[in-house]
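work-v1.cif (mmCIF, C-alpha atoms) appears below.
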data_upload
#
loop_
_atom_site.label_atom_id
_atom_site.label_comp_id
_atom_site.auth_asym_id
_atom_site.auth_seq_id
_atom_site.Cartn_x
_atom_site.Cartn_y
_atom_site.Cartn_z
CA MET A 1481 95.84 86.59 72.42
CA SER A 1482 92.86 84.51 71.33
CA SER A 1483 89.22 85.49 71.34
CA THR A 1484 86.80 84.27 73.99
CA PRO A 1485 83.02 83.77 74.03
CA ASN A 1486 80.79 86.79 74.51
CA PRO A 1487 80.99 87.68 78.23
CA GLU A 1488 77.26 88.49 78.22
CA LYS A 1489 76.64 84.75 77.82
CA ARG A 1490 78.29 83.82 81.08
CA PRO A 1491 76.73 80.70 82.56
CA ALA A 1492 74.10 80.70 85.26
CA ASN A 1493 74.21 77.04 86.25
CA ARG A 1494 76.22 73.85 86.22
CA ARG A 1495 74.97 72.67 82.83
CA ASP A 1496 75.93 75.96 81.17
CA VAL A 1497 79.46 75.74 82.56
CA VAL A 1498 80.02 72.23 81.24
CA LYS A 1499 78.67 73.12 77.79
CA LEU A 1500 80.68 76.32 77.48
CA ALA A 1501 83.89 74.57 78.53
CA ARG A 1502 83.29 71.79 76.04
CA ASP A 1503 82.40 74.13 73.18
CA ALA A 1504 85.53 76.25 73.82
CA ASP A 1505 87.81 73.19 74.04
CA VAL A 1506 88.89 74.01 77.59
CA ARG A 1507 91.49 71.48 78.75
CA PHE A 1508 92.16 72.75 82.29
CA VAL A 1509 90.13 74.67 84.85
CA ARG A 1510 91.61 76.70 87.68
CA LEU A 1511 89.53 76.67 90.86
CA VAL A 1512 90.37 80.07 92.35
CA PHE A 1513 89.88 81.35 95.89
CA ALA A 1514 91.33 84.10 98.09
CA ASP A 1515 93.28 83.59 101.28
CA ILE A 1516 92.86 85.89 104.28
CA PHE A 1517 95.23 88.46 102.72
CA GLY A 1518 93.32 88.55 99.43
CA VAL A 1519 96.06 86.67 97.58
CA SER A 1520 94.63 84.59 94.75
CA LYS A 1521 95.16 80.83 95.21
CA ASN A 1522 94.10 78.06 92.87
CA VAL A 1523 93.86 74.35 92.28
CA SER A 1524 94.16 73.31 88.63
CA ILE A 1525 92.14 70.34 87.41
CA PRO A 1526 91.79 68.68 83.98
CA ALA A 1527 88.51 69.50 82.26
CA GLU A 1528 87.40 65.88 82.71
CA ARG A 1529 86.99 66.63 86.43
CA LEU A 1530 84.91 69.80 85.92
CA GLU A 1531 81.67 68.07 86.89
CA ASP A 1532 83.32 66.69 90.03
CA ALA A 1533 84.33 70.25 90.94
CA LEU A 1534 80.82 71.59 90.35
CA ASP A 1535 79.49 68.80 92.58
CA GLY A 1536 81.84 69.89 95.40
CA ARG A 1537 84.13 66.88 95.18
CA ILE A 1538 87.47 68.74 94.93
CA THR A 1539 89.32 69.29 98.21
CA PHE A 1540 92.58 70.89 99.31
CA ASP A 1541 94.66 71.04 102.50
CA GLY A 1542 93.31 74.01 104.45
CA GLY A 1543 96.23 73.83 106.86
CA SER A 1544 98.52 75.14 104.12
CA ILE A 1545 96.62 78.42 103.61
CA ASP A 1546 97.10 81.51 105.79
CA GLY A 1547 94.10 82.24 107.99
CA PHE A 1548 92.36 78.94 107.40
CA VAL A 1549 93.17 76.10 109.83
CA ARG A 1550 96.83 76.78 110.43
CA GLY A 1551 98.83 74.03 112.05
CA GLU A 1552 96.23 71.39 111.24
CA GLU A 1553 95.90 69.08 108.28
CA LEU A 1554 92.27 69.32 107.21
CA ASP A 1555 90.77 68.71 103.79
CA MET A 1556 88.48 71.59 102.86
CA VAL A 1557 86.01 71.65 100.00
CA LEU A 1558 86.07 74.02 97.02
CA ARG A 1559 82.56 75.10 96.01
CA PRO A 1560 82.73 76.83 92.61
CA ASP A 1561 80.25 79.59 91.78
CA PRO A 1562 79.01 78.75 88.23
CA ALA A 1563 78.39 82.46 87.48
CA THR A 1564 82.14 83.13 87.75
CA PHE A 1565 83.17 80.78 84.95
CA ALA A 1566 85.37 82.51 82.40
CA ILE A 1567 88.05 81.51 79.95
CA TYR A 1568 91.51 83.00 80.27
CA PRO A 1569 92.29 85.01 77.12
CA TRP A 1570 95.49 83.17 76.34
CA ARG A 1571 96.45 79.69 75.26
CA ALA A 1572 98.48 77.43 77.51
CA ALA A 1573 100.02 75.85 74.41
CA PRO A 1574 100.33 73.02 73.68
CA GLU A 1575 98.06 71.88 76.49
CA GLY A 1576 95.02 73.90 75.40
CA ARG A 1577 92.76 76.59 76.83
CA GLU A 1578 92.24 77.31 80.52
CA GLY A 1579 88.99 78.12 82.30
CA ARG A 1580 88.44 79.72 85.68
CA LEU A 1581 85.89 79.33 88.48
CA ILE A 1582 85.93 81.37 91.69
CA CYS A 1583 85.10 79.28 94.74
CA ASP A 1584 83.69 79.50 98.22
CA ILE A 1585 85.30 77.32 100.87
CA ALA A 1586 83.35 74.73 102.83
CA MET A 1587 84.13 72.37 105.66
CA PRO A 1588 84.36 68.61 105.00
CA ASP A 1589 80.73 68.19 106.13
CA GLY A 1590 79.59 70.76 103.56
CA THR A 1591 78.90 73.64 105.93
CA PRO A 1592 80.31 77.07 104.95
CA PHE A 1593 83.79 77.76 106.35
CA GLU A 1594 83.63 80.81 108.62
CA GLY A 1595 87.11 81.87 107.51
CA CYS A 1596 86.21 82.10 103.82
CA PRO A 1597 86.54 85.78 102.76
CA ARG A 1598 83.95 85.41 99.99
CA THR A 1599 81.41 83.88 102.37
CA THR A 1600 82.15 86.68 104.86
CA LEU A 1601 81.24 89.32 102.28
CA ARG A 1602 78.09 87.47 101.30
CA ARG A 1603 77.07 87.39 104.97
CA ALA A 1604 77.70 91.14 105.35
CA ILE A 1605 75.55 91.85 102.29
CA GLU A 1606 72.71 89.72 103.63
CA ARG A 1607 72.81 91.48 106.98
CA ALA A 1608 72.71 94.99 105.48
CA THR A 1609 69.00 94.87 104.63
CA ALA A 1610 68.71 98.69 104.50
CA LEU A 1611 71.31 98.73 101.72
CA ARG A 1612 69.76 96.00 99.58
CA GLY A 1613 70.30 96.81 95.92
CA MET A 1614 73.44 98.86 96.55
CA GLN A 1615 76.15 98.42 93.92
CA THR A 1616 79.91 98.88 94.11
CA GLY A 1617 82.53 100.03 91.65
CA PHE A 1618 86.30 100.30 92.11
CA GLU A 1619 89.03 102.67 90.97
CA ILE A 1620 92.23 100.62 91.12
CA GLU A 1621 95.67 102.20 90.87
CA PHE A 1622 98.90 100.32 90.26
CA TYR A 1623 102.42 100.76 88.94
CA LEU A 1624 104.09 99.20 85.92
CA PHE A 1625 107.87 98.94 86.27
CA ASP A 1626 110.56 97.61 83.98
CA ARG A 1627 110.89 93.95 84.83
CA GLY A 1628 112.86 93.28 87.99
CA THR A 1629 113.23 96.97 88.91
CA THR A 1630 111.33 99.97 90.25
CA ALA A 1631 112.37 101.98 87.20
CA THR A 1632 110.24 103.17 84.32
CA THR A 1633 110.89 105.00 81.06
CA ASP A 1634 107.35 106.38 81.27
CA VAL A 1635 107.25 110.11 82.07
CA GLY A 1636 103.48 110.62 81.90
CA SER A 1637 101.11 112.05 84.50
CA TYR A 1638 97.32 112.33 84.86
CA PHE A 1639 95.51 111.28 81.66
CA ASP A 1640 98.63 111.58 79.50
CA PHE A 1641 98.96 109.58 76.31
CA SER A 1642 102.15 108.59 74.52
CA ALA A 1643 102.33 106.37 71.48
CA ASN A 1644 105.69 105.00 72.64
CA ASP A 1645 104.61 104.13 76.18
CA ARG A 1646 104.78 100.37 76.83
CA GLY A 1647 102.69 100.92 79.95
CA GLU A 1648 99.90 102.43 77.88
CA ALA A 1649 99.94 99.45 75.52
CA ALA A 1650 100.05 97.00 78.43
CA ARG A 1651 97.12 98.70 80.18
CA ASN A 1652 95.05 98.58 76.99
CA ALA A 1653 95.82 94.87 76.67
CA MET A 1654 94.76 94.35 80.28
CA VAL A 1655 91.43 96.08 79.64
CA ALA A 1656 90.82 93.93 76.56
CA ALA A 1657 91.60 90.75 78.48
CA LEU A 1658 89.39 91.74 81.41
CA ARG A 1659 86.46 92.54 79.13
CA ALA A 1660 86.90 89.17 77.42
CA MET A 1661 86.53 87.55 80.85
CA GLY A 1662 83.32 89.42 81.57
CA VAL A 1663 84.75 92.17 83.80
CA PRO A 1664 82.92 95.44 83.00
CA ILE A 1665 85.45 98.28 82.66
CA ALA A 1666 84.22 101.85 83.07
CA SER A 1667 87.47 103.57 82.06
CA ALA A 1668 91.26 103.40 82.26
CA HIS A 1669 93.92 106.10 82.26
CA HIS A 1670 97.40 107.15 83.27
CA GLU A 1671 97.70 108.21 86.90
CA HIS A 1672 99.82 110.81 88.73
CA GLY A 1673 103.18 109.09 88.93
CA PRO A 1674 105.43 107.97 86.06
CA GLY A 1675 104.53 104.34 85.49
CA GLN A 1676 101.29 104.63 87.50
CA HIS A 1677 97.97 103.59 85.97
CA GLU A 1678 94.32 103.22 86.91
CA ILE A 1679 91.60 100.84 85.75
CA ASP A 1680 88.03 101.49 86.90
CA ILE A 1681 85.60 98.60 87.35
CA ALA A 1682 81.97 99.48 86.63
CA HIS A 1683 79.32 99.22 89.36
CA ASP A 1684 77.95 95.77 90.09
CA ASP A 1685 76.72 93.63 92.97
CA PRO A 1686 79.36 93.93 95.75
CA LEU A 1687 80.25 90.23 95.66
CA VAL A 1688 80.68 90.31 91.89
CA ALA A 1689 82.71 93.52 92.12
CA ALA A 1690 85.09 91.90 94.64
CA ASP A 1691 85.48 88.93 92.27
CA HIS A 1692 86.42 91.39 89.54
CA VAL A 1693 89.19 92.89 91.70
CA LEU A 1694 90.67 89.43 92.25
CA THR A 1695 90.54 88.83 88.49
CA LEU A 1696 92.08 92.22 87.64
CA ARG A 1697 95.11 91.72 89.86
CA THR A 1698 95.81 88.33 88.28
CA ILE A 1699 95.30 89.49 84.70
CA ALA A 1700 97.39 92.65 85.19
CA LYS A 1701 100.41 90.68 86.34
CA HIS A 1702 100.15 88.17 83.48
CA ILE A 1703 99.71 90.81 80.78
CA ALA A 1704 102.47 93.02 82.19
CA ASP A 1705 104.91 90.14 81.85
CA ASP A 1706 104.13 89.94 78.12
CA PHE A 1707 105.42 93.52 77.85
CA GLN A 1708 108.57 92.88 79.94
CA LEU A 1709 106.97 94.80 82.81
CA ASP A 1710 106.04 94.04 86.41
CA ALA A 1711 102.63 95.14 87.70
CA THR A 1712 102.57 95.90 91.42
CA PHE A 1713 99.64 96.71 93.66
CA MET A 1714 101.95 97.63 96.55
CA PRO A 1715 100.42 100.75 98.16
CA LYS A 1716 103.62 102.83 98.25
CA PRO A 1717 106.46 101.41 96.15
CA LEU A 1718 108.38 104.69 95.82
CA GLU A 1719 109.02 107.27 98.54
CA GLU A 1720 108.88 110.34 96.33
CA ARG A 1721 105.95 109.24 94.15
CA ALA A 1722 102.22 109.01 94.68
CA GLY A 1723 100.89 105.91 96.42
CA SER A 1724 98.27 103.66 94.86
CA GLY A 1725 94.70 103.55 96.13
CA LEU A 1726 91.67 101.36 95.59
CA HIS A 1727 88.70 103.70 95.89
CA ALA A 1728 85.40 101.94 96.63
CA ASP A 1729 82.48 103.72 94.96
CA PHE A 1730 79.05 102.85 96.35
CA ARG A 1731 75.88 103.50 94.37
CA LEU A 1732 72.90 103.46 96.72
CA PRO A 1733 69.51 102.01 95.73
CA GLU A 1734 67.38 104.38 93.65
CA GLU A 1735 64.46 103.99 96.03
CA ARG A 1736 65.86 105.34 99.28
CA ASP A 1737 65.05 107.78 102.06
CA GLU A 1738 66.63 111.21 101.80
CA GLU A 1739 68.65 110.59 104.94
CA LEU A 1740 70.12 107.26 103.79
CA SER A 1741 73.19 108.79 102.13
CA LEU A 1742 74.01 110.83 105.22
CA TYR A 1743 73.63 107.84 107.52
CA VAL A 1744 75.91 105.74 105.29
CA VAL A 1745 78.54 108.49 105.35
CA GLY A 1746 78.12 108.76 109.12
CA GLY A 1747 78.72 105.04 109.56
CA LEU A 1748 81.78 105.03 107.30
CA LEU A 1749 83.32 107.95 109.22
CA ALA A 1750 82.46 106.60 112.68
CA HIS A 1751 84.13 103.24 112.00
CA ALA A 1752 86.94 104.49 109.73
CA PRO A 1753 89.77 104.00 112.27
CA ALA A 1754 88.84 100.31 112.64
CA THR A 1755 88.09 99.59 108.96
CA THR A 1756 91.54 100.99 108.14
CA ALA A 1757 93.14 97.81 109.49
CA ILE A 1758 91.34 95.78 106.81
CA CYS A 1759 91.36 98.34 104.00
CA ASN A 1760 95.05 99.20 104.52
CA PRO A 1761 96.46 95.88 105.65
CA THR A 1762 100.23 96.19 105.27
CA VAL A 1763 103.04 98.06 107.01
CA ASN A 1764 103.63 99.81 103.69
CA SER A 1765 100.01 101.02 103.53
CA TYR A 1766 100.68 103.71 106.13
CA LYS A 1767 103.41 105.29 104.04
CA ARG A 1768 100.66 106.18 101.57
CA LEU A 1769 98.28 107.64 104.19
CA VAL A 1770 100.27 110.85 104.64
CA ALA A 1771 99.58 114.52 103.85
CA ALA A 1772 100.59 114.33 100.19
CA TRP A 1773 99.20 113.34 96.80
CA ASP A 1774 95.57 113.74 97.96
CA ALA A 1775 95.73 110.73 100.29
CA PRO A 1776 93.10 110.87 103.08
CA ILE A 1777 94.38 111.24 106.64
CA TYR A 1778 91.30 112.56 108.52
CA ALA A 1779 87.80 111.13 108.82
CA VAL A 1780 85.86 113.90 107.06
CA TRP A 1781 83.45 113.95 104.14
CA SER A 1782 83.18 116.41 101.34
CA GLU A 1783 81.57 117.05 97.99
CA ARG A 1784 84.71 118.33 96.30
CA SER A 1785 87.79 118.07 98.54
CA ALA A 1786 90.37 115.87 96.83
CA ASN A 1787 91.80 114.55 100.11
CA ALA A 1788 88.65 113.89 102.12
CA LEU A 1789 88.16 110.33 103.33
CA VAL A 1790 84.60 110.12 101.96
CA ARG A 1791 83.49 112.03 98.88
CA VAL A 1792 79.83 112.50 97.93
CA PRO A 1793 79.70 113.98 94.42
CA PRO A 1794 76.94 116.61 94.12
CA GLY A 1795 74.21 116.98 91.53
CA GLN A 1796 73.60 114.14 89.10
CA ALA A 1797 75.88 111.81 91.06
CA GLN A 1798 73.56 111.93 94.10
CA GLY A 1799 73.41 108.46 95.63
CA ARG A 1800 77.10 107.84 95.00
CA ILE A 1801 79.49 107.64 97.93
CA GLU A 1802 83.22 107.17 97.42
CA MET A 1803 85.43 105.73 100.17
CA ARG A 1804 88.97 106.81 99.32
CA SER A 1805 91.20 105.20 101.94
CA PRO A 1806 91.46 101.54 100.80
CA ASP A 1807 94.55 100.48 98.91
CA PRO A 1808 95.02 97.75 96.29
CA ALA A 1809 96.82 95.38 98.69
CA CYS A 1810 93.58 94.80 100.59
CA ASN A 1811 91.46 91.68 100.47
CA PRO A 1812 88.52 93.04 98.43
CA TYR A 1813 86.03 90.68 100.08
CA LEU A 1814 87.00 91.65 103.61
CA ALA A 1815 87.34 95.35 102.77
CA LEU A 1816 83.81 95.45 101.36
CA ALA A 1817 82.49 93.35 104.25
CA VAL A 1818 83.70 95.83 106.88
CA LEU A 1819 82.73 98.91 104.86
CA ILE A 1820 79.23 97.56 104.29
CA GLY A 1821 79.03 96.64 107.98
CA ALA A 1822 80.07 100.19 108.94
CA ALA A 1823 77.61 101.76 106.49
CA ALA A 1824 74.76 99.54 107.68
CA ASP A 1825 75.49 100.44 111.31
CA GLY A 1826 75.33 104.11 110.33
CA VAL A 1827 71.84 103.53 108.92
CA GLU A 1828 70.65 101.46 111.88
CA SER A 1829 72.00 103.98 114.40
CA ALA A 1830 70.96 107.05 112.34
CA THR A 1831 74.53 108.34 112.58
CA LEU A 1832 74.88 111.81 111.08
CA PRO A 1833 78.31 112.81 109.72
CA GLY A 1834 78.20 116.51 110.55
CA PRO A 1835 78.61 119.26 107.95
CA ALA A 1836 80.51 118.61 104.75
CA PHE A 1837 84.11 119.80 104.71
CA SER A 1838 85.44 122.16 102.07
CA GLY A 1839 89.04 122.92 101.19
CA SER A 1840 92.12 120.83 101.90
CA THR A 1841 92.07 118.61 104.98
CA TYR A 1842 95.85 119.04 105.18
CA GLU A 1843 95.26 122.61 106.43
CA LEU A 1844 93.20 121.51 109.46
CA SER A 1845 94.86 122.45 112.73
CA ALA A 1846 94.81 120.22 115.80
CA ILE A 1847 92.46 122.68 117.51
CA GLU A 1848 90.01 122.62 114.58
CA ARG A 1849 90.04 118.82 114.51
CA ARG A 1850 89.41 118.65 118.25
CA GLU A 1851 86.57 121.20 118.15
CA ARG A 1852 84.86 119.41 115.25
CA GLY A 1853 85.47 115.91 116.64
CA ILE A 1854 87.40 114.84 113.53
CA ALA A 1855 89.22 111.54 113.94
CA THR A 1856 92.66 110.89 112.49
CA LEU A 1857 93.23 107.68 110.58
CA PRO A 1858 95.75 105.31 112.16
CA LYS A 1859 99.37 106.07 111.33
CA SER A 1860 100.65 102.51 111.57
CA LEU A 1861 99.41 98.97 111.17
CA ARG A 1862 99.83 98.43 114.92
CA GLN A 1863 97.62 101.41 115.71
CA ALA A 1864 95.04 100.25 113.18
CA ILE A 1865 94.85 96.82 114.84
CA SER A 1866 94.21 98.53 118.20
CA GLU A 1867 91.32 100.44 116.62
CA LEU A 1868 89.97 97.19 115.20
CA ASP A 1869 90.15 95.58 118.64
CA ALA A 1870 87.97 98.37 120.05
CA ASP A 1871 85.24 98.28 117.38
CA ALA A 1872 82.60 95.59 117.92
CA VAL A 1873 80.74 96.47 114.69
CA VAL A 1874 83.76 95.93 112.44
CA ARG A 1875 84.80 92.78 114.31
CA SER A 1876 81.27 91.43 113.85
CA ALA A 1877 81.43 92.08 110.10
CA LEU A 1878 84.56 89.92 109.95
CA GLY A 1879 83.34 87.19 112.22
CA ASP A 1880 85.27 85.74 115.14
CA HIS A 1881 87.49 83.38 113.14
CA LEU A 1882 88.67 85.94 110.60
CA TYR A 1883 89.09 88.69 113.18
CA HIS A 1884 91.48 86.59 115.28
CA ALA A 1885 93.29 85.08 112.29
CA PHE A 1886 93.80 88.48 110.65
CA ARG A 1887 94.81 90.15 113.91
CA ASP A 1888 97.38 87.49 114.79
CA ALA A 1889 98.90 87.49 111.31
CA LYS A 1890 99.18 91.27 111.13
CA LEU A 1891 100.64 91.67 114.61
CA GLU A 1892 103.29 89.12 113.65
CA GLU A 1893 103.94 91.05 110.42
CA TYR A 1894 104.27 94.32 112.30
CA GLU A 1895 106.68 92.73 114.80
CA ARG A 1896 108.91 91.47 111.98
CA TYR A 1897 108.92 94.97 110.52
CA ARG A 1898 109.68 96.54 113.91
CA ARG A 1899 112.71 94.32 114.40
CA ALA A 1900 114.10 94.75 110.88
CA VAL A 1901 116.97 97.18 110.29
CA HIS A 1902 116.08 99.34 107.30
CA PRO A 1903 118.41 101.08 104.81
CA TRP A 1904 117.26 104.50 106.07
CA GLU A 1905 118.59 103.64 109.55
CA ARG A 1906 121.99 102.64 108.20
CA ASP A 1907 122.18 105.78 106.06
CA GLN A 1908 121.25 107.92 109.05
CA TYR A 1909 123.24 106.33 111.88
CA LEU A 1910 125.95 103.94 110.69
CA ARG A 1911 128.72 106.56 110.35
CA LEU A 1912 127.26 109.15 112.68
CA TYR A 1913 127.67 107.04 115.82
#

The structure in this file should be written as structure tokens.
Amino acid sequence: MSSTPNPEKRPANRRDVVKLARDADVRFVRLVFADIFGVSKNVSIPAERLEDALDGRITFDGGSIDGFVRGEELDMVLRPDPATFAIYPWRAAPEGREGRLICDIAMPDGTPFEGCPRTTLRRAIERATALRGMQTGFEIEFYLFDRGTTATTDVGSYFDFSANDRGEAARNAMVAALRAMGVPIASAHHEHGPGQHEIDIAHDDPLVAADHVLTLRTIAKHIADDFQLDATFMPKPLEERAGSGLHADFRLPEERDEELSLYVVGGLLAHAPATTAICNPTVNSYKRLVAAWDAPIYAVWSERSANALVRVPPGQAQGRIEMRSPDPACNPYLALAVLIGAAADGVESATLPGPAFSGSTYELSAIERRERGIATLPKSLRQAISELDADAVVRSALGDHLYHAFRDAKLEEYERYRRAVHPWERDQYLRLY
């Protein structure tokens, strides 16, 4: 793995990008963007066309990308953000080094594309004037399996360390690569399940933080392959092991009213059933949101409860609010857009969240939940889409185009799942009937 320029010197404008690429002998540049599902897509160009890209002269067929202009052939424009330029910490020998720019998507006439996830998040941030200056960090869990399997020789649990653990070595290499690309890492450690790991991204502007998630998922998969491992961000790859979450940690502005934190919590809880569709976007997501392994299942907040949906750490951490339901399969741009929209609505509507919960939410009875007005998170993707349909605030945060595109795609996904015959069904019924 080769060294890269100091990430603190990341470029601020077009001229800086061109100079840095030239000085580092970059031969190819990947123009990266996210589709509606948060999957990283890219167009690779030779370095000689870098200035064309920065001038918005690189196009691609939007009809080929999920959630864009499906069924139509329409050239769409890639608009790179100069501040996202980084150099991949490996050599594509013998071709030379590769750079990366994250892009917004524009229409052929230059206007922003309403289905661009990155633009959607930027719009949500601009609307949330009461939360201006808020920063976001992420705790991202994932599994490392032996290549081509769901097996691991790792037997570690929380914070364990083993000198012979390939996963430990791979995770350290991931952190080094991410730091070289300018991604600020707060910490990294072994998680609950054998083969499960966590990397925490330090607080930053929400748009930048979402870019970092996109980068982390790409880097993790590339580095894992070097160690003969597969990295997966599937929410629940193993039935009898802990699922993987992507906790969003909000740090509110230092200058704020005393009630601001409560209103933000109130908004997150009030819109939690609808934001679940975006934050937990796969059929598999709902096999994680069960009463086990500290996964949240009820819309409550707490200072200490390990399985509350929203956690507000007491004392010195005042001003921090952790949303614990999202999983690492989500589109980070859309997840943050709807969570910020929900939080901002809580502030605008002065929504109070009720008293903090203490203890385990798993012990709440149906009567207690009813008396306290505690909502249950959706138990399936289909139910989550119904909650999304009923929530005008969350739909507004997405925008009309993305709401309909996401809804249609996920209903189709759920229908394919509903019709599929699963191994559990054959094991249960094939010889019984």

* Asked: Which residues match the PyMOL selection byres ((chain A and resi 1616-1628) around 9) in the file above, as a VMD selection string?
  -> chain A and resid 1614 to 1615 1629 to 1634 1647 1650 1666 1671 1673 to 1690 1693 1704 to 1705 1707 to 1715 1717 1723 to 1732 1807 to 1808 1816

* What is the atom CA of Leu1534 of chain A to atom CA of Asn1493 of chain A distance in Å? ->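 Distance reported for this atom pair: 9.5 Å.
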
* **Contacts of segment 1738-1749 of chain A within 9 Å, all atoms listed in the file, excl. fewer than 3 positions in-chain, as a ChimeraX atom specification** => /A:1610-1611,1732,1752-1753,1755,1779-1781,1789-1792,1798-1801,1803,1819-1834,1855

* To do: Tell me, as a PyMOL selection string, which residues lie within 10 Å of Ala1514 of chain A, counting only C-alpha atoms; anything in the same chain fewer than 5 positions away does not count.
  => chain A and resi 1519-1522+1545-1546+1582-1585+1596-1598+1691+1694+1811-1813

* To do: Would you work out the distance separating atom CA of Pro1806 of chain A from atom CA of Arg1852 of chain A, expressed in Å to one decimal?
  =>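 It comes out at 23.9 Å.
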
* atom CA of Thr1856 of chain A and atom CA of Arg1899 of chain A, how far apart in Å? ->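 Spanning atom CA of Arg1899 of chain A to atom CA of Thr1856 of chain A is a straight-line distance of 26.1 Å.
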
* **Nearby residues (only C-alpha atoms) at most 12 Å from Ala1656 of chain A, same-chain spacing under 2 positions excluded, as a ChimeraX atom specification** => /A:1481-1484,1487,1568-1570,1649-1654,1658-1665,1667-1668,1679,1696,1699-1700,1703

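Candidate residues A:Ile1516, A:Leu1910, A:Val1763, A:Cys1810 were compared for distance to Glu1893 of chain A, and the nearest is A:Val1763, using only C-alpha atoms.
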
* To do: Would you mind telling me which residue in A:Tyr1778, A:Arg1612, A:Ile1538, A:Ala1750 lies nearest to Arg1850 of chain A when using all atoms listed in the file?
  =>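 Among the listed residues, the smallest separation from Arg1850 of chain A belongs to A:Tyr1778.
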
* **Residue contacts of Arg1502 of chain A (12 Å, all atoms listed in the file) excluding same-chain residues fewer than 6 positions away, as number ranges by chain** => A: 1495-1496, 1508-1509, 1527-1528, 1530-1531, 1567, 1576-1579

* **Residues in the PyMOL selection byres ((chain A and resi 1868-1874) around 9), expressed as a PyMOL selection string** => chain A and resi 1751+1753-1758+1817-1819+1821-1822+1825+1863-1867+1875-1879+1883+1887
